[in-house]
Amino acid sequence: MRQFAVVTAIAAALALSAAAVAGAAPKVAPPAMTQAELEKRFDALIDTKDMDGWMKDMASQPNHVGSPHDKANAEYMLAKFKAWGWDAHIETFDVLYPTPISETLEIVGPTPFKATLQEPPIVGDTTEHAMAGALPAWVAFGADGDVTSDLVYVNFGMPDDYKALERLGIDVKGKIVIARYGAGWRGLKPKLAQDHGAIGCIIYSDPAQDGYVQDDAYPNGPARPPHSFQRGSVADMPIYPGDPLTPGYGSTKDAKRIPIAEAKTILKIPVLPISYADAQVFLSQLKGPVAPPSFRGGLPITYHVGPGPAKVHLATKAEWTNKTIYDVVAVMKGSQYPDQWIVRGNHHDGWVYGASDPLSGNVAMMSEMKAIGTLVKQGWRPKRTLVYASWDAEEPMLLGSTEYAETHAVELKAHALIYINTDNNGRGFLGVEGNHDFQRMVNGVANDVIDPEANVSIGQRLRANLMVDAAAPGANGQAQAMGKLAASDRDLPLGPLGSGSDYSAFLQHLGVPAINFGFGGEDSGGGVYHSAYDTYEHYSRFVDPGFVYGGVMAKTAGRMVLRVSESELPTQRFGDFADTVSTYLDEVKGLANSRRDAAEAQERLLKTGAYRLADDPHRPEAAPAFEGRVPFINFAPLDNSVDRLKRSAKAYDAALAAKGGGLSADKVAKLNTMTRDIDQLLLDDVGLPFRPWYRNMVYAPGRFTGYGAKTLPGVREAIEERRYDDAARYVGITAKVLDAYSDRLDQATALINGN
Ligand SMILES: [Zn+2]
């Protein structure tokens, strides 16, 4: 029944489109296609050789924001999108983007040393002949400054590390800290250092994370070579992404800007990234206590925390002006529901050449666009409108997508049905995150795309991997639960979305549901992350030789786009969302209980003097400060809302399954309208504490994780941060948005049932 409806609708669409593109289209409309036939034709048009050639061109020169090649890449794509039949244009914004003027980092004593802050060329690599204009060691949105002080090693620079230092009697006030990459988002390291009174911050790549401990170093293998460093943004993204001077609205030419001094997302201390070749010299000049076991990395030294005796001089100066950025936006108008948009994006700016990050994902997206353009030239037409975007300036702080989403907020809220994002791609297993009402759609796609290495579907291969991981010695409870699920016939869960790529403004500011995915697990492509060695040569030798997984990415994203755009009925299944929210509520309640138990245990240990008795007098550690009792929180309003959500979602899913195929065209259209923007109901205008830009009450990036997601964030983070009044308040706010969601589901169910 449903299949039949789809076939006739495609036939109708084809008849329409033949007229619409008269001249370009063949005179006789091709025969009607099933969805499977459409996808087969789409697959046949994906050409990995195209991707190889586009990456070679686009990664041939530095293409960071403000570089000539970044603009040239936008124009290169624009010409192609137009030639492929898309209605394309470049949309520009003027964003604050600091570019480095000078950096100094040196040990002034006891043994002077000057950090190199440059990545040397490698023979046979793009770095050999195209380093002109490449950014030096640099992070965007640290402050200008010139400071000299004793150095302290703070491990990953996360909250627990400062607690450990406090027990060792180490204070970073007035000091310069050195932190290693890992365990939390880059920008949190200088921010937490600044909050603890440090006056400067160095971040280095320890070989334990992505260097020789992991794999052979480039060019012999994929891992990070000794003089390579990780650039990046250190803006305070958990407050709001996008232009620091235009919070919540687009940085169009005439937009009002707040003064730089008032921008909350710009740090107050200078920051520089360095290589492990340099870091080893800095760390080996530290004395003081031997670092706790969790602080020790992969360098051949004994790690000490300091402070000093190494005294460090750190100075940075940047040009703080607006730069023009170039989003390339292309539209293919829908035939049947032109007012419903499927938005698909990937960014195009890199830190240097950006082969893996972001061009690997960008060229896969270009391949989808070429294939869809060809299908349209052959007479097919999408039912819903497709909007493809290659964003600029993702790297400094999701600028291109955020400014676009803020500028076009009204249209996007009125039309966007879903936003599908990719970024850098690797080789191996599917990793996918997103809104859980699309979990069934994603699983359907994963069951149909073939993995070229294993010759089974990418879904089956992922299941096999999860089952093998679960059987490994020492597998944790989470891995075992995933293995069990993978062995069953139930759908695989989507991860929740935090931040770290261009979906953030869509999902967390506008409420447009989003999917983000990529492949990985077999390559060690992270070894050149945000370095000059993220080149075409590195990518095609070590990450995805032959662009095999580029092809898989295009087929996966293309199917997601085409299934949502062509489906007669809404593709969401809301029971998955309701069940997932229910598990999040269980987690949050469990968190409150375990925090309460931990506080009680700590109080006992303090009262009985256990910390003192267990201490090693030769390496003394003070007892931790008492963290305070955890009160009981009333979760009843959320319990009731989640219970109702489950019932409403199941009733809707059952009604759609039973009666969806027989609905009148008028009812189908109404149903599509009712479900298109339902996820926007998860927003509350009050936003999250300290960061009202983030309005989604189910999905957010963590204040202290940066990229990592916090679900039911208003409640969860309030418990984590001991803001118990906020916890109670956000129980109510979250319950309210879930009730609105249930109301909408009940209305849709009533429409289907005809009463
Ligand atoms: Zn990226």
# chains A, B, ... in the order shown; residues from 1 in each chain; ligands from 1
>>> residues_around(residues="Ala414 in chain A", least_positions_apart="6", cutoff="10 Å", atoms="only C-alpha atoms", output="list in words")
Asp339, Gln340, Trp341, His408, Val512, Thr673, Arg676 and Asp677 of chain A
>>> residues_near_ligand(ligand="ligand 1", cutoff="6 Å", atoms="only C-alpha atoms and all ligand atoms", output="VMD selection string")
chain A and resid 357 to 358 423 to 424
>>> write_last_selection(atoms="C-alpha atoms", output="short mmCIF file (atom, residue, chain, number, x, y, z; two decimals), in the first residue's frame")
data_model
loop_
_atom_site.label_atom_id
_atom_site.label_comp_id
_atom_site.auth_asym_id
_atom_site.auth_seq_id
_atom_site.Cartn_x
_atom_site.Cartn_y
_atom_site.Cartn_z
CA ASP A 357 39.23 18.09 8.21
CA PRO A 358 37.02 19.15 6.49
CA ASP A 423 32.75 16.87 8.64
CA ASN A 424 36.02 14.96 8.41
#
>>> select_by_dssp(residues="range 486-533 of chain A", states="helix (DSSP H, G or I)", output="JSON, numbers by chain")
{"A": [486, 487, 504, 505, 506, 507, 508, 509, 510, 525, 526, 527, 528]}
>>> atom_distance(atom1="CA of Lys710 in chain A", atom2="CA of Val528 in chain A")
27.9 Å
>>> atom_distance(atom1="CA of Gly169 in chain A", atom2="CA of Ala183 in chain A")
23.0 Å
>>> residues_around(residues="Ala748 in chain A", least_positions_apart="3", cutoff="12 Å", atoms="only C-alpha atoms", output="JSON, numbers by chain")
{"A": [570, 574, 648, 649, 651, 652, 653, 654, 655, 656, 660, 667, 668, 669, 670, 671, 672, 673, 674, 675, 676, 678, 741, 742, 743, 744, 745, 751, 752, 753, 754, 755]}
>>> closest_residue(among="A:Thr571, A:Thr556, A:Asp739, A:Leu494", to="Pro637 in chain A", atoms="only C-alpha atoms")
A:Asp739
>>> select_by_dssp(residues="range 114-226 of chain A", states="strand (DSSP E)", output="number ranges by chain")
A: 114, 139-140, 145-153, 176-180, 200-204
>>> closest_residue(among="A:Glu721, A:Asp50, A:Glu39, A:Asp94", to="Pro159 in chain A", atoms="only C-alpha atoms")
A:Glu721
>>> residues_around(residues="Asp171 in chain A", least_positions_apart="5", cutoff="12 Å", atoms="only C-alpha atoms", output="list in words")
Asp150, Leu151, Val152, Tyr153, Val154, Asp161, Tyr162, Lys163, Ala164, Leu165, Glu166, Ile176, Val177, Ala193, Asp195, His196, Gly197, Ala198, Val305, Gly306, Pro307 and Gly308 of chain A
>>> closest_residue(among="A:Ala665, A:Ala709, A:Val552, A:Ala598", to="Glu568 in chain A", atoms="only C-alpha atoms")
A:Ala665
>>> residues_around(residues="His64 in chain A", least_positions_apart="6", cutoff="7 Å", atoms="only C-alpha atoms", output="PyMOL selection string")
chain A and resi 70+349-352
>>> write_last_selection(atoms="C-alpha atoms", output="mmCIF file, in the first residue's frame")
data_model
loop_
_atom_site.group_PDB
_atom_site.id
_atom_site.type_symbol
_atom_site.label_atom_id
_atom_site.label_comp_id
_atom_site.auth_asym_id
_atom_site.auth_seq_id
_atom_site.Cartn_x
_atom_site.Cartn_y
_atom_site.Cartn_z
ATOM 1 C CA ASP A 70 39.606 29.588 0.978
ATOM 2 C CA ASP A 349 37.662 25.934 5.637
ATOM 3 C CA GLY A 350 40.643 24.155 7.190
ATOM 4 C CA TRP A 351 43.463 25.123 9.570
ATOM 5 C CA VAL A 352 46.122 24.597 6.925
#
>>> residues_around(residues="Gly85 in chain A", least_positions_apart="3", cutoff="10 Å", atoms="only C-alpha atoms", output="list in words")
Ala24, Lys80, Phe81, Lys82, Ala88, Ala330, Val331, Met332, Met369, Lys370, Ile372, Gly373, Thr374, Leu375, Val376 and Lys377 of chain A
>>> write_last_selection(atoms="N, CA, C and O atoms", output="PDB file, in the first residue's frame")
ATOM      1  N   ALA A  24      15.933  21.225 -20.977  1.00  0.00           N
ATOM      2  CA  ALA A  24      17.045  20.486 -20.395  1.00  0.00           C
ATOM      3  C   ALA A  24      16.693  19.009 -20.251  1.00  0.00           C
ATOM      4  O   ALA A  24      17.552  18.151 -20.372  1.00  0.00           O
ATOM      5  N   LYS A  80      30.860  24.756  -9.972  1.00  0.00           N
ATOM      6  CA  LYS A  80      30.456  23.363 -10.159  1.00  0.00           C
ATOM      7  C   LYS A  80      28.973  23.172  -9.832  1.00  0.00           C
ATOM      8  O   LYS A  80      28.238  22.517 -10.572  1.00  0.00           O
ATOM      9  N   PHE A  81      28.534  23.732  -8.711  1.00  0.00           N
ATOM     10  CA  PHE A  81      27.134  23.532  -8.310  1.00  0.00           C
ATOM     11  C   PHE A  81      26.199  24.062  -9.403  1.00  0.00           C
ATOM     12  O   PHE A  81      25.184  23.453  -9.723  1.00  0.00           O
ATOM     13  N   LYS A  82      26.555  25.207  -9.956  1.00  0.00           N
ATOM     14  CA  LYS A  82      25.724  25.775 -11.030  1.00  0.00           C
ATOM     15  C   LYS A  82      25.735  24.860 -12.241  1.00  0.00           C
ATOM     16  O   LYS A  82      24.690  24.588 -12.845  1.00  0.00           O
ATOM     17  N   ALA A  88      22.551  28.128  -7.160  1.00  0.00           N
ATOM     18  CA  ALA A  88      23.584  28.316  -6.129  1.00  0.00           C
ATOM     19  C   ALA A  88      24.043  29.756  -6.045  1.00  0.00           C
ATOM     20  O   ALA A  88      23.999  30.499  -7.026  1.00  0.00           O
ATOM     21  N   ALA A 330      23.285  26.046  -2.096  1.00  0.00           N
ATOM     22  CA  ALA A 330      22.696  25.582  -3.357  1.00  0.00           C
ATOM     23  C   ALA A 330      21.337  24.943  -3.097  1.00  0.00           C
ATOM     24  O   ALA A 330      21.184  24.174  -2.153  1.00  0.00           O
ATOM     25  N   VAL A 331      20.377  25.281  -3.935  1.00  0.00           N
ATOM     26  CA  VAL A 331      18.998  24.840  -3.720  1.00  0.00           C
ATOM     27  C   VAL A 331      18.495  24.043  -4.918  1.00  0.00           C
ATOM     28  O   VAL A 331      18.747  24.402  -6.069  1.00  0.00           O
ATOM     29  N   MET A 332      17.791  22.946  -4.632  1.00  0.00           N
ATOM     30  CA  MET A 332      17.066  22.194  -5.665  1.00  0.00           C
ATOM     31  C   MET A 332      15.613  22.154  -5.192  1.00  0.00           C
ATOM     32  O   MET A 332      15.283  21.525  -4.202  1.00  0.00           O
ATOM     33  N   MET A 369      25.863  16.032  -4.575  1.00  0.00           N
ATOM     34  CA  MET A 369      25.246  17.131  -5.323  1.00  0.00           C
ATOM     35  C   MET A 369      25.335  16.893  -6.824  1.00  0.00           C
ATOM     36  O   MET A 369      24.402  17.174  -7.575  1.00  0.00           O
ATOM     37  N   LYS A 370      26.492  16.366  -7.244  1.00  0.00           N
ATOM     38  CA  LYS A 370      26.649  16.081  -8.678  1.00  0.00           C
ATOM     39  C   LYS A 370      25.665  14.990  -9.102  1.00  0.00           C
ATOM     40  O   LYS A 370      25.023  15.083 -10.157  1.00  0.00           O
ATOM     41  N   ILE A 372      22.776  14.133  -7.658  1.00  0.00           N
ATOM     42  CA  ILE A 372      21.393  14.634  -7.642  1.00  0.00           C
ATOM     43  C   ILE A 372      21.156  15.549  -8.847  1.00  0.00           C
ATOM     44  O   ILE A 372      20.117  15.487  -9.509  1.00  0.00           O
ATOM     45  N   GLY A 373      22.164  16.376  -9.150  1.00  0.00           N
ATOM     46  CA  GLY A 373      22.054  17.244 -10.330  1.00  0.00           C
ATOM     47  C   GLY A 373      21.845  16.433 -11.606  1.00  0.00           C
ATOM     48  O   GLY A 373      21.035  16.800 -12.469  1.00  0.00           O
ATOM     49  N   THR A 374      22.570  15.316 -11.704  1.00  0.00           N
ATOM     50  CA  THR A 374      22.435  14.468 -12.891  1.00  0.00           C
ATOM     51  C   THR A 374      21.041  13.847 -12.953  1.00  0.00           C
ATOM     52  O   THR A 374      20.404  13.808 -14.020  1.00  0.00           O
ATOM     53  N   LEU A 375      20.539  13.364 -11.805  1.00  0.00           N
ATOM     54  CA  LEU A 375      19.187  12.782 -11.771  1.00  0.00           C
ATOM     55  C   LEU A 375      18.154  13.806 -12.232  1.00  0.00           C
ATOM     56  O   LEU A 375      17.225  13.479 -12.976  1.00  0.00           O
ATOM     57  N   VAL A 376      18.354  15.059 -11.801  1.00  0.00           N
ATOM     58  CA  VAL A 376      17.406  16.109 -12.189  1.00  0.00           C
ATOM     59  C   VAL A 376      17.501  16.375 -13.692  1.00  0.00           C
ATOM     60  O   VAL A 376      16.495  16.545 -14.388  1.00  0.00           O
ATOM     61  N   LYS A 377      18.726  16.380 -14.217  1.00  0.00           N
ATOM     62  CA  LYS A 377      18.881  16.580 -15.663  1.00  0.00           C
ATOM     63  C   LYS A 377      18.236  15.444 -16.453  1.00  0.00           C
ATOM     64  O   LYS A 377      17.818  15.626 -17.590  1.00  0.00           O
TER      65      LYS A 377
END
